[in-house]
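*Asks:* This one is target36.txt, compact mmCIF, C-alpha atoms.
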# COMPACT_ATOMS: atom_id res chain seq x y z
CA MET A 127 210.45 -129.43 24.43
CA PRO A 128 213.59 -131.56 23.90
CA ARG A 129 214.65 -132.11 20.34
CA PRO A 130 214.42 -135.76 19.28
CA SER A 131 217.65 -137.65 19.08
CA PRO A 132 219.35 -138.09 15.72
CA SER A 133 218.56 -141.78 15.72
CA SER A 134 214.84 -141.07 15.91
CA ARG A 135 214.84 -138.25 13.38
CA THR A 136 216.88 -139.98 10.71
CA ARG A 137 214.81 -140.76 7.64
CA PRO A 138 214.46 -144.39 6.50
CA GLY A 139 217.35 -145.30 4.27
CA ALA A 140 219.42 -142.31 5.38
CA GLY A 141 221.98 -144.60 7.01
CA ALA A 142 222.34 -146.60 3.81
CA ALA A 143 222.67 -143.41 1.78
CA LEU A 144 225.40 -142.17 4.10
CA GLY A 145 227.14 -145.51 3.74
CA VAL A 146 227.08 -145.20 -0.05
CA THR A 147 228.42 -141.65 0.13
CA MET A 148 231.24 -142.69 2.43
CA ALA A 149 232.00 -145.60 0.10
CA VAL A 150 232.34 -143.15 -2.81
CA ALA A 151 234.58 -140.90 -0.74
CA ASN A 152 236.72 -143.88 0.27
CA LEU A 153 236.97 -144.97 -3.36
CA LEU A 154 238.25 -141.52 -4.28
CA SER A 155 240.76 -141.75 -1.44
CA TYR A 156 241.93 -145.10 -2.75
CA VAL A 157 242.40 -143.66 -6.24
CA PHE A 158 244.37 -140.81 -4.64
CA VAL A 159 246.76 -143.39 -3.16
CA LEU A 160 246.92 -145.20 -6.49
CA VAL A 161 247.88 -142.01 -8.34
CA LEU A 162 250.53 -140.93 -5.84
CA SER A 163 252.08 -144.38 -5.42
CA ARG A 164 252.70 -144.49 -9.15
CA ALA A 165 253.92 -140.91 -9.41
CA LEU A 166 256.26 -140.89 -6.41
CA GLY A 167 257.63 -144.45 -6.57
CA PRO A 168 258.23 -146.76 -3.59
CA SER A 169 260.93 -144.65 -1.91
CA ASP A 170 259.18 -141.26 -1.88
CA PHE A 171 255.75 -142.81 -1.39
CA GLY A 172 257.03 -144.51 1.77
CA GLY A 173 258.05 -141.13 3.16
CA PHE A 174 254.77 -139.53 2.11
CA SER A 175 252.78 -142.34 3.78
CA ALA A 176 254.80 -142.18 7.00
CA LEU A 177 254.26 -138.42 7.35
CA SER A 178 250.59 -138.80 6.40
CA ALA A 179 250.17 -141.44 9.11
CA TYR A 180 251.64 -138.97 11.61
CA GLY A 181 249.17 -136.34 10.41
CA ILE A 182 246.23 -138.71 10.69
CA VAL A 183 247.10 -139.38 14.33
CA LEU A 184 247.21 -135.63 15.07
CA ALA A 185 243.89 -135.13 13.27
CA VAL A 186 242.09 -137.41 15.74
CA PRO A 187 240.53 -134.45 17.63
CA ALA A 188 238.78 -133.47 14.40
CA GLY A 189 237.00 -136.83 14.30
CA ALA A 190 236.28 -136.70 18.02
CA LEU A 191 234.81 -133.21 17.65
CA GLN A 192 232.36 -134.50 15.08
CA VAL A 193 230.93 -136.97 17.60
CA ILE A 194 230.92 -134.53 20.54
CA VAL A 195 229.53 -131.55 18.64
CA ALA A 196 226.80 -133.68 17.06
CA ARG A 197 225.68 -134.75 20.53
CA HIS A 198 225.57 -131.14 21.74
CA VAL A 199 223.78 -129.82 18.66
CA ALA A 200 221.14 -132.54 18.89
CA GLY A 201 220.42 -131.54 22.51
CA ALA A 202 217.94 -128.72 23.07
CA SER A 203 219.83 -127.23 26.03
CA SER A 204 223.27 -126.86 24.41
CA ASP A 205 224.58 -123.97 22.33
CA SER A 206 228.08 -125.43 21.96
CA ARG A 207 229.38 -125.75 18.39
CA GLY A 208 233.03 -126.53 19.17
CA LEU A 209 234.48 -123.86 16.89
CA ARG A 210 236.54 -122.11 19.55
CA THR A 211 237.89 -125.45 20.76
CA ALA A 212 238.65 -126.47 17.16
CA LEU A 213 240.65 -123.29 16.57
CA MET A 214 242.63 -123.71 19.78
CA VAL A 215 243.37 -127.41 19.29
CA GLY A 216 244.17 -127.08 15.58
CA THR A 217 246.53 -124.17 16.16
CA ALA A 218 248.32 -125.98 19.00
CA LEU A 219 248.82 -129.11 16.91
CA ALA A 220 250.00 -127.09 13.93
CA GLY A 221 252.51 -125.20 16.04
CA ALA A 222 253.91 -128.39 17.57
CA THR A 223 254.28 -130.01 14.14
CA ILE A 224 256.02 -126.98 12.65
CA LEU A 225 258.49 -126.88 15.54
CA ALA A 226 259.19 -130.60 15.09
CA ALA A 227 259.44 -130.36 11.28
CA PRO A 228 263.25 -130.84 11.07
CA LEU A 229 263.08 -133.90 13.31
CA LEU A 230 260.18 -135.37 11.30
CA ALA A 231 262.03 -134.82 8.04
CA ASP A 232 265.04 -136.67 9.40
CA ALA A 233 263.01 -139.51 10.96
CA PHE A 234 261.00 -140.16 7.78
CA ARG A 235 263.92 -139.50 5.41
CA LEU A 236 262.17 -136.62 3.64
CA ASP A 237 263.99 -134.27 1.29
CA THR A 238 262.86 -131.13 3.11
CA ALA A 239 261.18 -130.06 6.35
CA TRP A 240 258.60 -128.11 4.32
CA SER A 241 256.60 -131.33 3.92
CA ALA A 242 255.99 -131.41 7.68
CA ILE A 243 255.34 -127.65 7.81
CA TRP A 244 252.59 -127.83 5.18
CA LEU A 245 251.12 -130.85 6.95
CA GLY A 246 251.08 -128.97 10.26
CA LEU A 247 249.23 -126.00 8.78
CA THR A 248 246.64 -128.38 7.34
CA LEU A 249 245.61 -129.41 10.86
CA VAL A 250 243.89 -126.06 11.49
CA PRO A 251 241.25 -126.21 8.72
CA MET A 252 240.96 -129.96 9.19
CA THR A 253 240.00 -129.59 12.87
CA LEU A 254 237.52 -126.83 12.04
CA THR A 255 235.94 -129.10 9.44
CA GLY A 256 235.46 -131.74 12.14
CA ALA A 257 233.33 -129.26 14.11
CA PHE A 258 231.33 -128.37 10.98
CA GLN A 259 230.69 -132.07 10.32
CA GLY A 260 229.42 -132.43 13.87
CA ILE A 261 226.99 -129.56 13.39
CA LEU A 262 225.62 -131.11 10.20
CA LEU A 263 225.34 -134.55 11.81
CA GLY A 264 223.58 -133.11 14.84
CA ARG A 265 221.13 -131.25 12.61
CA ASP A 266 220.49 -134.45 10.62
CA ARG A 267 221.64 -132.68 7.45
CA LEU A 268 223.06 -135.82 5.91
CA ALA A 269 223.11 -134.46 2.35
CA ALA A 270 225.28 -131.54 3.43
CA LEU A 271 227.45 -133.87 5.51
CA SER A 272 227.88 -136.09 2.47
CA ALA A 273 228.99 -133.06 0.46
CA ILE A 274 231.80 -132.48 2.97
CA TYR A 275 232.99 -136.07 2.69
CA VAL A 276 232.96 -136.06 -1.11
CA ALA A 277 234.54 -132.60 -1.35
CA THR A 278 237.39 -133.69 0.92
CA ALA A 279 238.13 -136.89 -1.01
CA GLY A 280 237.56 -135.30 -4.42
CA GLY A 281 239.79 -132.35 -3.59
CA ARG A 282 242.59 -134.60 -2.37
CA LEU A 283 242.33 -136.67 -5.54
CA ALA A 284 242.52 -133.52 -7.67
CA ALA A 285 245.60 -132.41 -5.73
CA GLY A 286 247.22 -135.83 -6.16
CA ALA A 287 246.43 -135.98 -9.86
CA GLY A 288 247.72 -132.45 -10.37
CA GLY A 289 250.88 -133.21 -8.46
CA ALA A 290 251.45 -136.38 -10.49
CA ALA A 291 250.84 -134.62 -13.80
CA LEU A 292 253.22 -131.79 -12.94
CA GLY A 293 255.86 -134.07 -11.38
CA LEU A 294 255.66 -132.27 -8.03
CA SER A 295 257.70 -133.27 -5.00
CA VAL A 296 256.35 -134.66 -1.74
CA ALA A 297 256.49 -131.19 -0.14
CA GLN A 298 254.62 -129.61 -3.03
CA VAL A 299 251.89 -132.25 -2.84
CA PHE A 300 251.42 -131.47 0.86
CA ALA A 301 251.13 -127.78 -0.03
CA LEU A 302 248.31 -128.61 -2.45
CA LEU A 303 246.59 -130.67 0.23
CA LEU A 304 246.71 -127.64 2.54
CA LEU A 305 244.81 -125.62 -0.07
CA VAL A 306 242.23 -128.39 -0.37
CA ALA A 307 241.73 -128.55 3.42
CA ALA A 308 241.24 -124.76 3.54
CA ALA A 309 238.69 -124.89 0.73
CA VAL A 310 236.72 -127.67 2.46
CA ALA A 311 236.70 -125.67 5.71
CA VAL A 312 235.25 -122.69 3.83
CA LEU A 313 232.57 -124.97 2.38
CA GLY A 314 231.78 -126.29 5.85
CA ALA A 315 231.50 -122.76 7.26
CA TRP A 316 229.08 -121.81 4.47
CA LEU A 317 226.92 -124.90 5.03
CA CYS A 318 226.83 -124.17 8.77
CA ARG A 319 226.47 -120.39 8.43
CA GLU A 320 223.29 -120.29 10.56
CA ASP A 321 225.04 -122.16 13.38
CA LEU A 322 228.31 -120.24 13.54
CA THR A 323 228.96 -119.25 17.14
CA LEU A 324 231.89 -119.39 19.55
CA ALA A 325 229.65 -120.43 22.44
CA GLU A 326 231.10 -123.40 24.35
CA ASP A 327 229.79 -125.68 27.09
CA GLN A 328 232.21 -126.21 29.96
CA SER A 329 231.92 -129.96 29.59
CA LEU A 330 233.11 -129.93 25.98
CA GLY A 331 236.79 -130.16 26.83
CA THR A 332 236.37 -133.17 29.11
CA GLU A 333 234.16 -134.94 26.59
CA LEU A 334 236.65 -134.23 23.83
CA ILE A 335 239.47 -135.77 25.83
CA ARG A 336 237.51 -138.97 26.40
CA ALA A 337 236.41 -139.27 22.78
CA THR A 338 239.87 -138.41 21.48
CA MET A 339 241.40 -141.12 23.63
CA SER A 340 239.19 -143.85 22.17
CA LEU A 341 239.20 -142.64 18.58
CA GLY A 342 242.89 -141.86 18.76
CA ALA A 343 243.60 -145.40 19.89
CA PHE A 344 242.05 -146.76 16.70
CA ILE A 345 243.76 -144.23 14.41
CA ALA A 346 247.13 -144.93 16.00
CA LEU A 347 246.57 -148.68 15.83
CA THR A 348 245.90 -148.56 12.08
CA ASN A 349 248.70 -146.16 11.16
CA VAL A 350 251.68 -146.82 13.42
CA ASP A 351 252.63 -149.89 11.36
CA VAL A 352 253.48 -147.72 8.34
CA THR A 353 255.68 -145.51 10.50
CA LEU A 354 257.45 -148.55 11.98
CA ALA A 355 257.89 -150.02 8.52
CA ARG A 356 259.57 -146.82 7.35
CA ALA A 357 261.86 -146.87 10.38
CA TYR A 358 263.02 -150.51 10.18
CA LEU A 359 262.57 -151.67 6.59
CA ASP A 360 264.55 -150.37 3.63
CA ASP A 361 263.07 -147.71 1.34
CA HIS A 362 261.75 -150.19 -1.23
CA GLN A 363 260.16 -152.53 1.30
CA SER A 364 258.65 -149.68 3.33
CA GLY A 365 257.08 -148.26 0.15
CA GLY A 366 255.66 -151.67 -0.74
CA TYR A 367 254.34 -152.09 2.79
CA ALA A 368 252.72 -148.64 2.62
CA LEU A 369 250.81 -149.65 -0.50
CA ALA A 370 249.85 -153.10 0.86
CA ALA A 371 248.70 -151.57 4.15
CA THR A 372 246.34 -149.33 2.18
CA PHE A 373 244.39 -152.46 1.21
CA GLY A 374 244.04 -153.27 4.91
CA ARG A 375 242.96 -149.80 5.96
CA ALA A 376 240.40 -149.83 3.15
CA MET A 377 238.46 -152.39 5.20
CA GLY A 378 238.10 -149.81 7.96
CA TRP A 379 237.21 -147.03 5.52
CA GLY A 380 234.60 -149.12 3.76
CA THR A 381 232.88 -150.33 6.93
CA GLN A 382 233.05 -147.16 9.01
CA PHE A 383 229.37 -146.41 8.39
CA VAL A 384 228.50 -149.61 10.30
CA ALA A 385 230.37 -148.28 13.34
CA LEU A 386 228.73 -144.85 13.09
CA LEU A 387 225.23 -146.29 12.83
CA LEU A 388 225.90 -148.54 15.83
CA VAL A 389 226.57 -145.65 18.25
CA PRO A 390 222.92 -144.58 18.89
CA ARG A 391 221.82 -148.22 19.16
CA MET A 392 224.09 -148.75 22.16
CA GLN A 393 221.64 -146.90 24.40
CA GLY A 394 218.85 -149.49 24.07
CA PRO A 395 218.22 -152.86 25.73
CA GLY A 396 219.34 -154.71 22.59
CA ALA A 397 222.81 -153.15 22.61
CA ALA A 398 224.71 -156.42 23.00
CA ARG A 399 222.75 -158.02 20.15
CA SER A 400 223.31 -155.03 17.87
CA PHE A 401 227.01 -155.10 18.66
CA ARG A 402 227.41 -158.78 17.82
CA ARG A 403 225.39 -158.42 14.63
CA SER A 404 227.65 -155.58 13.57
CA LEU A 405 230.70 -157.75 14.19
CA LEU A 406 229.21 -160.53 12.07
CA LEU A 407 228.43 -158.09 9.25
CA ILE A 408 232.00 -156.76 9.32
CA LEU A 409 233.39 -160.28 9.36
CA ALA A 410 231.29 -161.29 6.33
CA LEU A 411 232.31 -158.20 4.36
CA GLY A 412 235.93 -158.72 5.38
CA LEU A 413 236.11 -162.35 4.32
CA ALA A 414 234.62 -161.37 0.95
CA GLY A 415 237.33 -158.74 0.59
CA VAL A 416 240.08 -161.24 1.41
CA ALA A 417 238.69 -163.66 -1.17
CA VAL A 418 238.60 -161.01 -3.91
CA ILE A 419 242.22 -159.94 -3.34
CA ALA A 420 243.52 -163.50 -2.82
CA VAL A 421 242.27 -164.65 -6.23
CA ALA A 422 244.72 -162.38 -8.07
CA PRO A 423 246.89 -160.43 -5.58
CA SER A 424 249.54 -159.38 -8.10
CA PHE A 425 246.86 -157.95 -10.39
CA TRP A 426 245.43 -155.73 -7.65
CA VAL A 427 248.82 -154.56 -6.43
CA GLU A 428 250.03 -153.73 -9.93
CA LEU A 429 246.74 -151.99 -10.63
CA ALA A 430 247.23 -149.87 -7.55
CA GLY A 431 250.92 -149.08 -7.78
CA GLY A 432 252.34 -150.40 -11.04
CA ALA A 433 254.81 -153.15 -11.89
CA GLU A 434 257.28 -151.89 -9.27
CA TYR A 435 254.99 -153.27 -6.55
CA ALA A 436 254.27 -156.69 -8.12
CA GLU A 437 256.31 -158.59 -5.53
CA PHE A 438 254.03 -157.32 -2.73
CA GLY A 439 250.90 -159.21 -3.82
CA GLY A 440 251.11 -161.75 -1.00
CA LEU A 441 251.70 -158.97 1.50
CA ALA A 442 248.53 -157.24 0.26
CA VAL A 443 246.48 -160.36 1.07
CA ALA A 444 247.99 -160.48 4.56
CA CYS A 445 247.22 -156.79 5.07
CA VAL A 446 243.59 -157.25 4.01
CA GLY A 447 243.29 -159.95 6.67
CA LEU A 448 244.77 -157.52 9.16
CA GLY A 449 242.30 -154.91 7.94
CA VAL A 450 239.37 -157.18 8.80
CA LEU A 451 240.62 -157.33 12.38
CA TRP A 452 241.07 -153.56 12.40
CA ALA A 453 237.47 -153.11 11.21
CA LEU A 454 236.27 -155.32 14.07
CA VAL A 455 238.28 -153.18 16.49
CA GLN A 456 236.68 -150.05 15.03
CA VAL A 457 233.15 -151.34 15.65
CA SER A 458 234.11 -152.39 19.18
CA LEU A 459 235.53 -148.96 20.03
CA PHE A 460 232.56 -147.08 18.60
CA ALA A 461 230.22 -149.31 20.58
CA GLU A 462 231.91 -148.31 23.82
CA MET A 463 232.01 -144.67 22.73
CA GLY A 464 228.23 -144.95 22.38
CA LEU A 465 228.18 -145.85 26.09
CA ASP A 466 230.70 -143.09 26.93
CA SER A 467 233.03 -145.81 28.24
CA PRO A 468 236.80 -145.29 27.93
CA TRP A 469 237.83 -148.84 28.99
CA LEU A 470 238.41 -150.40 25.58
CA GLY A 471 240.18 -147.28 24.36
CA ARG A 472 242.63 -147.53 27.24
CA PHE A 473 243.12 -151.23 26.60
CA THR A 474 243.81 -150.49 22.92
CA TRP A 475 246.53 -148.00 23.87
CA LEU A 476 248.08 -150.68 26.09
CA VAL A 477 248.04 -153.22 23.25
CA LEU A 478 249.50 -150.62 20.89
CA GLY A 479 252.38 -150.02 23.28
CA VAL A 480 253.10 -153.73 23.53
CA GLN A 481 253.01 -154.00 19.73
CA CYS A 482 255.56 -151.23 19.33
CA VAL A 483 257.89 -152.78 21.87
CA LEU A 484 257.70 -156.15 20.13
CA VAL A 485 258.44 -154.63 16.73
CA VAL A 486 261.24 -152.35 17.95
CA LEU A 487 263.03 -155.07 19.89
CA TRP A 488 262.42 -158.22 17.85
CA PHE A 489 259.94 -158.43 14.97
CA HIS A 490 261.09 -155.93 12.34
CA ASP A 491 263.16 -157.91 9.84
CA THR A 492 260.39 -158.54 7.31
CA PRO A 493 257.01 -156.93 6.49
CA TYR A 494 255.26 -160.18 7.42
CA GLU A 495 256.62 -160.04 10.96
CA LEU A 496 255.13 -156.56 11.31
CA VAL A 497 251.74 -157.75 10.00
CA GLY A 498 251.78 -160.71 12.38
CA VAL A 499 252.41 -158.58 15.46
CA CYS A 500 249.68 -156.09 14.46
CA ALA A 501 247.20 -158.89 13.77
CA ALA A 502 247.83 -160.47 17.16
CA GLY A 503 247.25 -157.13 18.87
CA ALA A 504 244.00 -156.45 17.01
CA ALA A 505 242.74 -159.95 17.79
CA ALA A 506 243.41 -159.38 21.49
CA ILE A 507 241.35 -156.17 21.44
CA VAL A 508 238.41 -157.85 19.68
CA ALA A 509 238.55 -160.74 22.15
CA ALA A 510 238.43 -158.29 25.07
CA ALA A 511 235.45 -156.51 23.49
CA LEU A 512 233.58 -159.79 23.10
CA VAL A 513 234.19 -160.69 26.73
CA ARG A 514 232.79 -157.31 27.76
CA SER A 515 229.86 -157.43 25.32
CA ARG A 516 227.52 -158.94 27.92
CA ARG A 517 227.67 -155.65 29.77
CA LEU A 518 226.91 -153.50 26.73
CA GLY A 519 223.63 -151.66 27.08
CA THR A 520 223.46 -152.21 30.83
CA ARG A 521 225.69 -149.35 31.96
If you took the structure in this file and wrote it as structure tokens, what would it be?
*Replies:*
Amino acid sequence: MPRPSPSSRTRPGAGAALGVTMAVANLLSYVFVLVLSRALGPSDFGGFSALSAYGIVLAVPAGALQVIVARHVAGASSDSRGLRTALMVGTALAGATILAAPLLADAFRLDTAWSAIWLGLTLVPMTLTGAFQGILLGRDRLAALSAIYVATAGGRLAAGAGGAALGLSVAQVFALLLLVAAAVAVLGAWLCREDLTLAEDQSLGTELIRATMSLGAFIALTNVDVTLARAYLDDHQSGGYALAATFGRAMGWGTQFVALLLVPRMQGPGAARSFRRSLLLILALGLAGVAVIAVAPSFWVELAGGAEYAEFGGLAVACVGLGVLWALVQVSLFAEMGLDSPWLGRFTWLVLGVQCVLVVLWFHDTPYELVGVCAAGAAAIVAAALVRSRRLGTR
């Protein structure tokens, strides 16, 4: 007899509980940024953020695996757990990053290539953890899944606090983060010990490519700006932009649970209505966030990074506005992922390419020019999603 879908098995209030857990994890991640921005200073923090953004892009398959594996685990006819694929993909990404370490160190103006090497090695346990998260999600083990989220954020915060207290370099902080990622992977393996198997469905690779394309589009969209800022702005401005952009990305972190909960609802006849309601919820939360930061922008920026960042208060407000648009893009992409449609993901990659060209050729003299280009791109993606929303739920 087929196992009921996750959406039908989820206990009342489980979605809200997961949202609270993710909010706590995101808060810990924010404090991690706060600690490191103060400890490293604008110059080194800019380099750390640029390399981290690169790592986040390469970690996209880990997030895609969570979605794909959860779908397979929830199905009665599938034995696929994605572990073999996770090992292969993680190792390949790690090897490519290690080989490119000298080039990355030069591009991001890092003191040593070891920063990129440690980051590359982190991709292996990180990708494995994505598969473990998928198993837990597919089994509807939300408490265990929450433990993974909190352990990841809490471990990173501990590494950041330890690095700040000991005055460690950027490379040494990345080494600590590697240890944290390995520990979380061990925790995930223990929580999934009854499901550990290397069995794979032949369709897993194709599904992973499609999911990675859409999820990767969003990750790239919300991280490439920091890399471009590091490339075209001076060290001080790029560090300030990195901190201000964190306020914008926090909108996506804090509202991600809305996108996750929307995915199963995209299969029903009310898909278009659910999608639009999700957009309205994100917009309401986003406008509240803009209002909170706009009341005292210098206070929030100094609280996050110290007096060195005081001049970037106005930029933080602009980045929060950008973050609202990014959150709307996130919901739109997850909605189409729920329909197994790659169209919006492809369109997002196209917009991202146009953004990069505009910044590289013309709009890179000030941080505000960069924010403006990114905001225009995100708005175009949301507009395209709204135009297509009449088809949602009918495919």
*Asks:* Would you mind reading off the distance between atom CA of Leu219 of chain A and atom CA of Thr248 of chain A, one decimal, in Å?
*Replies:*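 Going from atom CA of Leu219 of chain A over to atom CA of Thr248 of chain A, I get 9.8 Å.
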*Asks:* Which residue out of A:Ser163, A:Ser272, A:Ser241, A:Thr253 has the minimum interatomic distance to Ile224 of chain A when only C-alpha atoms are used?
*Replies:* A:Ser241
*Asks:* Counting only C-alpha atoms, note down every residue that has an atom within 12 Å of the point (257.4, -132.8, 6.8) (file coordinates), as a VMD selection string.
*Replies:* chain A and resid 173 to 181 220 223 to 248 295 to 301
*Asks:* I'd like the neighbourhood of Gly471 of chain A as an MDAnalysis selection string, where a residue qualifies if any of its atoms comes within 7 Å (using all atoms listed in the file), though same-chain residues fewer than 6 positions away should be ignored.
*Replies:* chainID A and resid 339:340 343 459
*Asks:* What is the atom CA of Pro493 of chain A-atom CA of Gly479 of chain A distance in Å, reported with one decimal?
*Replies:*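 Answer for the atom CA of Pro493 of chain A to atom CA of Gly479 of chain A separation: 18.7 Å.
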*Asks:* For Ile507 of chain A, which of A:His362, A:Arg267, A:His198, A:Arg472 is the closest residue, counting all atoms listed in the file?
*Replies:*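 Looking only at the distances to Ile507 of chain A, the closest residue turns out to be A:Arg472.
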*Asks:* When distances are computed from only C-alpha atoms, which of A:Ala355, A:Leu184, A:Ala370, A:Ala506 shows the smallest separation from Val446 of chain A?
*Replies:*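 That would be A:Ala370, the residue with the smallest distance to Val446 of chain A.
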*Asks:* Select, counting only C-alpha atoms, all protein, DNA and RNA residues no farther than 10 Å from (260.1, -147.9, 16.9) in file coordinates, and express the selection as a list in words.
*Replies:*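 Checked against the point, the hits come out as Val350, Asp351, Thr353, Leu354, Ala355, Arg356, Ala357, Tyr358, Gln481, Cys482, Val483, Leu484, Val485, Val486, Leu487 and His490 of chain A.
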*Asks:* Would you mind reading off the distance between atom CA of Leu512 of chain A and atom CA of Ala190 of chain A, one decimal, in Å?
*Replies:* 23.8 Å
*Asks:* Determine the nearest neighbour of Leu262 of chain A from the options A:Gln456, A:Gln192, A:Thr474, A:Gln382, counting all atoms listed in the file.
*Replies:*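 For Leu262 of chain A, the nearest of the given residues is A:Gln192.
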